[in-house]
Amino acid sequence: MTSVPDVFDPRQYAAGVPYDAYRVLRDHHPVARQDEHEVLGWPAGPGFWAVTRHADVVRVLKDSATYSSYIGATQIRDPDPDDLPFIRRMMLNQDPPGHGRLRRLVSRAFTPRRIDRFERVAQERARTLLAHALEAARTADGTVDLVGAVTDDYALLNLADLLGVPEADRKLLLHWTQRVIGYQDPDEAGPQVLDGQGRPVDPRSPAMLRDMFDHARQLAAHKRRFPDDDVMTTLAHDAELAESELEMFFFLLTVAGNDTVRSAAPGGLLALAEHPGSYVRLRTGSAELPAAVDELLRWHPPVLTFRRTAAVDTELAGRRIRAGDKVVVFHASANRDERVFTDPDRLDLSRAPNPHVSFGDGPHVCLGAHFARLQLRVLYREAVRALPVLRPAGPSERLVSNFINGIKSLPMQVT
């Protein structure tokens, strides 16, 4: 019997996504028991089922009656029981019908007209950031870190414009994202906050989010007095939305909205740099941008995993799963499943069909997928225009995380 590889330990993801281990799981253990050992100061947990085949991932994501987002929320590690009621208020951590109500409310703010008008803003921002990156590279032997010079600010400032966050407060969005999303990585999260018993404090807890929620209330009050054409104005004037729900929406949009593009953009640029033929195809127009964006998302999904909790006893891929068991879907594994994708380890910018699950599936499919695709399409279009050369100038530095497929630095030769 083939041994079951560990795909839980967040430290291994700093060296790269463990695609070889995923293949072993898909081929021999498609629903595999994983130990949840103590790591990086975080306590051990009860373990979980890792779901790695595309069909099973889609089944879990679509069946919210069996696989709940509400029971234990959506992160692998269990939240503190005292924090769980608070965490469940977020749309991401709800099941239908409550989830549908909240999704309909926030969807009112994400109108196609509002999103599409950002294309011109995103284009000008991408051109400006890429021009500054080129200028910096000319004084540094042609190399530049595209995360620090381009992609972090690109994602952050686009989101801030959409939300309507004042310019003076925009760096707070990156700070909050790093603290919540990068909590497993000491470089991102900073010094670990401990409680009175010396245990690490969950970044999703009310105590750790107080400053973000205070800001959300102040921003909503400002938008009621001075309305504008942005998401926070729409939410602040929605009579159906309780203040606590608005705070949670601000949290979700700030963190998830920022980090989706913040993770996907450098991953796509790295893929193009490592596949020069694909970069030439984009530069010459022989590959269409919409299909290329989806293939780069398949290749480098921004989110690695999401957790559900079995609401009832069930069976998946021949394994008996008990009510209360944690079930974790692996998006990056599903995107390389040979049962669905022909030659999945080949980057094919014209791949069609391309049923990747980088934005999830089912009732929780990413609300901001259209906005994310728009931003990525604009960035790649401007990159191939601005950067005649795109080659790795050293190893990229990856996030320590089994949740987000993050890249912290991306040294590139661009001239």
# chains A, B, ... in the order shown; residues from 1 in each chain; ligands from 1
$ residues_around --residues "Asp82 in chain A" --least-positions-apart "3" --cutoff "10 Å" --atoms "only C-alpha atoms" --output "list in words"
Pro79, Pro85, Phe86, Ile87, Ser205 and Pro206 of chain A
$ write_last_selection --atoms "N, CA and C atoms" --output "PDB file, in the first residue's frame"
ATOM      1  N   PRO A  79     -11.382  27.029  15.014  1.00  0.00           N
ATOM      2  CA  PRO A  79     -11.339  28.266  15.800  1.00  0.00           C
ATOM      3  C   PRO A  79     -11.608  27.968  17.263  1.00  0.00           C
ATOM      4  N   PRO A  85     -19.030  31.617  17.180  1.00  0.00           N
ATOM      5  CA  PRO A  85     -20.231  32.380  16.812  1.00  0.00           C
ATOM      6  C   PRO A  85     -19.905  33.656  16.048  1.00  0.00           C
ATOM      7  N   PHE A  86     -18.829  34.316  16.438  1.00  0.00           N
ATOM      8  CA  PHE A  86     -18.394  35.535  15.745  1.00  0.00           C
ATOM      9  C   PHE A  86     -17.961  35.213  14.316  1.00  0.00           C
ATOM     10  N   ILE A  87     -17.160  34.174  14.142  1.00  0.00           N
ATOM     11  CA  ILE A  87     -16.635  33.816  12.825  1.00  0.00           C
ATOM     12  C   ILE A  87     -17.759  33.383  11.891  1.00  0.00           C
ATOM     13  N   SER A 205     -10.065  36.157  15.466  1.00  0.00           N
ATOM     14  CA  SER A 205     -10.810  36.389  16.701  1.00  0.00           C
ATOM     15  C   SER A 205     -11.249  37.855  16.795  1.00  0.00           C
ATOM     16  N   PRO A 206     -12.312  38.123  17.572  1.00  0.00           N
ATOM     17  CA  PRO A 206     -12.766  39.521  17.727  1.00  0.00           C
ATOM     18  C   PRO A 206     -11.669  40.450  18.226  1.00  0.00           C
TER      19      PRO A 206
END
$ residues_around --residues "range 262-276 of chain A" --least-positions-apart "4" --cutoff "8 Å" --atoms "only C-alpha atoms" --output "mmCIF file with N, CA, C and O atoms, in the first residue's frame"
data_model
loop_
_atom_site.group_PDB
_atom_site.id
_atom_site.type_symbol
_atom_site.label_atom_id
_atom_site.label_comp_id
_atom_site.auth_asym_id
_atom_site.auth_seq_id
_atom_site.Cartn_x
_atom_site.Cartn_y
_atom_site.Cartn_z
ATOM 1 N N LEU A 146 9.059 42.049 -8.737
ATOM 2 C CA LEU A 146 7.763 42.469 -9.251
ATOM 3 C C LEU A 146 6.662 42.430 -8.200
ATOM 4 O O LEU A 146 5.626 43.061 -8.384
ATOM 5 N N VAL A 147 6.857 41.701 -7.111
ATOM 6 C CA VAL A 147 5.872 41.753 -6.027
ATOM 7 C C VAL A 147 5.930 43.116 -5.345
ATOM 8 O O VAL A 147 4.925 43.813 -5.202
ATOM 9 N N THR A 151 2.900 44.033 -8.123
ATOM 10 C CA THR A 151 1.659 43.288 -7.877
ATOM 11 C C THR A 151 1.009 43.586 -6.539
ATOM 12 O O THR A 151 -0.222 43.617 -6.449
ATOM 13 N N ASP A 152 1.783 43.819 -5.484
ATOM 14 C CA ASP A 152 1.169 44.147 -4.193
ATOM 15 C C ASP A 152 0.356 45.439 -4.285
ATOM 16 O O ASP A 152 -0.801 45.500 -3.846
ATOM 17 N N TYR A 154 -0.687 46.955 -7.013
ATOM 18 C CA TYR A 154 -1.739 46.837 -8.030
ATOM 19 C C TYR A 154 -3.008 46.258 -7.418
ATOM 20 O O TYR A 154 -4.103 46.825 -7.559
ATOM 21 N N ALA A 155 -2.882 45.143 -6.711
ATOM 22 C CA ALA A 155 -4.055 44.526 -6.092
ATOM 23 C C ALA A 155 -4.651 45.412 -5.014
ATOM 24 O O ALA A 155 -5.877 45.602 -4.936
ATOM 25 N N LEU A 156 -3.804 45.972 -4.189
ATOM 26 C CA LEU A 156 -4.259 46.781 -3.060
ATOM 27 C C LEU A 156 -5.000 48.030 -3.519
ATOM 28 O O LEU A 156 -6.097 48.334 -3.035
ATOM 29 N N ASN A 258 -8.453 41.408 -1.635
ATOM 30 C CA ASN A 258 -7.062 41.804 -1.871
ATOM 31 C C ASN A 258 -6.203 40.598 -2.219
ATOM 32 O O ASN A 258 -5.451 40.603 -3.191
ATOM 33 N N VAL A 280 5.925 34.681 -25.309
ATOM 34 C CA VAL A 280 5.972 35.155 -26.697
ATOM 35 C C VAL A 280 4.592 35.075 -27.332
ATOM 36 O O VAL A 280 4.174 35.978 -28.076
ATOM 37 N N LEU A 296 -3.623 30.441 -16.451
ATOM 38 C CA LEU A 296 -2.681 30.866 -15.413
ATOM 39 C C LEU A 296 -3.304 30.724 -14.022
ATOM 40 O O LEU A 296 -2.596 30.411 -13.057
ATOM 41 N N LEU A 297 -4.607 30.902 -13.929
ATOM 42 C CA LEU A 297 -5.293 30.645 -12.659
ATOM 43 C C LEU A 297 -5.297 29.154 -12.334
ATOM 44 O O LEU A 297 -5.160 28.770 -11.167
ATOM 45 N N TRP A 299 -3.029 27.066 -13.270
ATOM 46 C CA TRP A 299 -1.630 26.740 -12.987
ATOM 47 C C TRP A 299 -1.214 27.209 -11.591
ATOM 48 O O TRP A 299 -0.507 26.509 -10.868
ATOM 49 N N HIS A 300 -1.674 28.394 -11.224
ATOM 50 C CA HIS A 300 -1.316 28.970 -9.922
ATOM 51 C C HIS A 300 -2.586 29.487 -9.256
ATOM 52 O O HIS A 300 -2.860 30.690 -9.281
ATOM 53 N N PRO A 301 -3.389 28.607 -8.654
ATOM 54 C CA PRO A 301 -4.598 29.072 -7.983
ATOM 55 C C PRO A 301 -4.241 29.900 -6.755
ATOM 56 O O PRO A 301 -3.328 29.545 -6.008
ATOM 57 N N PRO A 302 -4.939 31.005 -6.507
ATOM 58 C CA PRO A 302 -4.591 31.826 -5.341
ATOM 59 C C PRO A 302 -4.876 31.130 -4.012
ATOM 60 O O PRO A 302 -4.187 31.386 -3.033
ATOM 61 N N LEU A 347 1.660 23.987 -19.359
ATOM 62 C CA LEU A 347 0.983 25.274 -19.434
ATOM 63 C C LEU A 347 0.489 25.478 -20.861
ATOM 64 O O LEU A 347 1.284 25.547 -21.796
ATOM 65 N N LEU A 376 -6.484 40.794 -13.682
ATOM 66 C CA LEU A 376 -5.404 39.949 -14.198
ATOM 67 C C LEU A 376 -5.255 40.125 -15.709
ATOM 68 O O LEU A 376 -4.133 40.198 -16.225
ATOM 69 N N LEU A 379 -3.456 43.411 -16.254
ATOM 70 C CA LEU A 379 -2.051 43.369 -15.840
ATOM 71 C C LEU A 379 -1.200 42.599 -16.841
ATOM 72 O O LEU A 379 -0.117 43.064 -17.246
ATOM 73 N N TYR A 380 -1.663 41.428 -17.264
ATOM 74 C CA TYR A 380 -0.865 40.634 -18.211
ATOM 75 C C TYR A 380 -0.763 41.336 -19.565
ATOM 76 O O TYR A 380 0.289 41.300 -20.219
ATOM 77 N N LEU A 390 11.211 38.838 -19.757
ATOM 78 C CA LEU A 390 10.661 38.420 -18.465
ATOM 79 C C LEU A 390 11.273 37.070 -18.130
ATOM 80 O O LEU A 390 10.848 36.031 -18.629
ATOM 81 N N ARG A 391 12.330 37.119 -17.302
ATOM 82 C CA ARG A 391 13.032 35.893 -16.923
ATOM 83 C C ARG A 391 13.318 35.909 -15.430
ATOM 84 O O ARG A 391 13.637 36.970 -14.869
ATOM 85 N N PRO A 392 13.215 34.759 -14.767
ATOM 86 C CA PRO A 392 13.560 34.727 -13.346
ATOM 87 C C PRO A 392 14.993 35.177 -13.116
ATOM 88 O O PRO A 392 15.907 34.778 -13.840
ATOM 89 N N ILE A 404 -3.108 29.873 1.416
ATOM 90 C CA ILE A 404 -2.927 30.808 0.311
ATOM 91 C C ILE A 404 -1.653 30.483 -0.455
ATOM 92 O O ILE A 404 -0.587 30.272 0.131
ATOM 93 N N ASN A 405 -1.752 30.457 -1.781
ATOM 94 C CA ASN A 405 -0.640 30.156 -2.671
ATOM 95 C C ASN A 405 0.126 31.450 -2.947
ATOM 96 O O ASN A 405 0.132 31.969 -4.061
ATOM 97 N N GLY A 406 0.760 31.970 -1.897
ATOM 98 C CA GLY A 406 1.325 33.309 -1.959
ATOM 99 C C GLY A 406 2.784 33.350 -2.371
ATOM 100 O O GLY A 406 3.557 32.428 -2.095
ATOM 101 N N ILE A 407 3.150 34.438 -3.026
ATOM 102 C CA ILE A 407 4.544 34.711 -3.394
ATOM 103 C C ILE A 407 4.927 36.053 -2.764
ATOM 104 O O ILE A 407 4.287 37.078 -3.029
ATOM 105 N N LEU A 410 9.461 38.265 -6.036
ATOM 106 C CA LEU A 410 9.552 37.693 -7.377
ATOM 107 C C LEU A 410 10.639 38.437 -8.163
ATOM 108 O O LEU A 410 10.343 39.315 -8.973
#
$ residues_around --residues "Gly164 in chain A" --least-positions-apart "2" --cutoff "9 Å" --atoms "only C-alpha atoms" --output "NGL selection string"
:A and (159-162 or 166-167 or 219 or 223 or 228-233)
$ write_last_selection --atoms "N, CA and C atoms" --output "tab-separated table (two decimals), in the first residue's frame"
chain	number	residue	atom	x	y	z
A	159	LEU	N	-8.44	47.38	-5.23
A	159	LEU	CA	-9.47	47.06	-4.25
A	159	LEU	C	-9.89	48.30	-3.47
A	160	ALA	N	-8.92	49.11	-3.09
A	160	ALA	CA	-9.23	50.33	-2.33
A	160	ALA	C	-10.14	51.26	-3.13
A	161	ASP	N	-9.89	51.36	-4.44
A	161	ASP	CA	-10.75	52.18	-5.29
A	161	ASP	C	-12.16	51.61	-5.33
A	162	LEU	N	-12.28	50.31	-5.49
A	162	LEU	CA	-13.59	49.68	-5.58
A	162	LEU	C	-14.37	49.86	-4.28
A	166	PRO	N	-10.28	55.77	1.61
A	166	PRO	CA	-9.47	56.98	1.40
A	166	PRO	C	-7.99	56.64	1.23
A	167	GLU	N	-7.31	57.46	0.46
A	167	GLU	CA	-5.91	57.18	0.14
A	167	GLU	C	-5.04	57.04	1.38
A	219	LEU	N	-15.74	54.28	8.33
A	219	LEU	CA	-15.83	54.47	6.89
A	219	LEU	C	-17.29	54.47	6.44
A	223	LYS	N	-19.36	57.43	4.52
A	223	LYS	CA	-20.04	57.23	3.23
A	223	LYS	C	-21.51	57.63	3.31
A	228	ASP	N	-20.54	58.16	-2.49
A	228	ASP	CA	-19.76	58.13	-3.73
A	228	ASP	C	-20.15	56.87	-4.49
A	229	ASP	N	-19.58	56.69	-5.67
A	229	ASP	CA	-19.88	55.50	-6.48
A	229	ASP	C	-18.89	54.40	-6.13
A	230	ASP	N	-19.10	53.77	-4.97
A	230	ASP	CA	-18.20	52.70	-4.54
A	230	ASP	C	-18.97	51.68	-3.70
A	231	VAL	N	-18.34	50.57	-3.42
A	231	VAL	CA	-19.00	49.46	-2.74
A	231	VAL	C	-19.42	49.84	-1.33
A	232	MET	N	-18.55	50.51	-0.57
A	232	MET	CA	-18.89	50.84	0.81
A	232	MET	C	-20.06	51.82	0.90
A	233	THR	N	-20.20	52.71	-0.08
A	233	THR	CA	-21.37	53.59	-0.09
A	233	THR	C	-22.64	52.76	-0.26
$ closest_residue --among "A:Pro46, A:Arg103, A:Thr66, A:Ala15" --to "Gly368 in chain A" --atoms "only C-alpha atoms"
A:Arg103
$ closest_residue --among "A:Val31, A:Leu387, A:Val58, A:Met212" --to "His132 in chain A" --atoms "only C-alpha atoms"
A:Leu387
$ atom_distance --atom1 "CA of Ala383 in chain A" --atom2 "CA of Phe371 in chain A"
18.3 Å
$ residues_around --residues "Phe251 in chain A" --least-positions-apart "6" --cutoff "12 Å" --atoms "only C-alpha atoms" --output "ChimeraX atom specification"
/A:87,89-92,163,172-173,176-177,180-181,203-206,208-217,232,244-245,257-258
$ residues_around --residues "range 339-345 of chain A" --least-positions-apart "3" --cutoff "8 Å" --atoms "only C-alpha atoms" --output "VMD selection string"
chain A and resid 54 335 to 336 354
$ closest_residue --among "A:Val201, A:Ala369, A:Ile321, A:Val312" --to "Val261 in chain A" --atoms "only C-alpha atoms"
A:Ala369
$ residues_around --residues "Phe403 in chain A" --least-positions-apart "3" --cutoff "7 Å" --atoms "only C-alpha atoms" --output "PyMOL selection string"
chain A and resi 303-305
$ residues_around --residues "Glu124 in chain A" --least-positions-apart "4" --cutoff "10 Å" --atoms "only C-alpha atoms" --output "list in words"
Phe118, Glu119, Arg120, Thr128, Leu129, Leu130, Val378, Leu379 and Glu382 of chain A
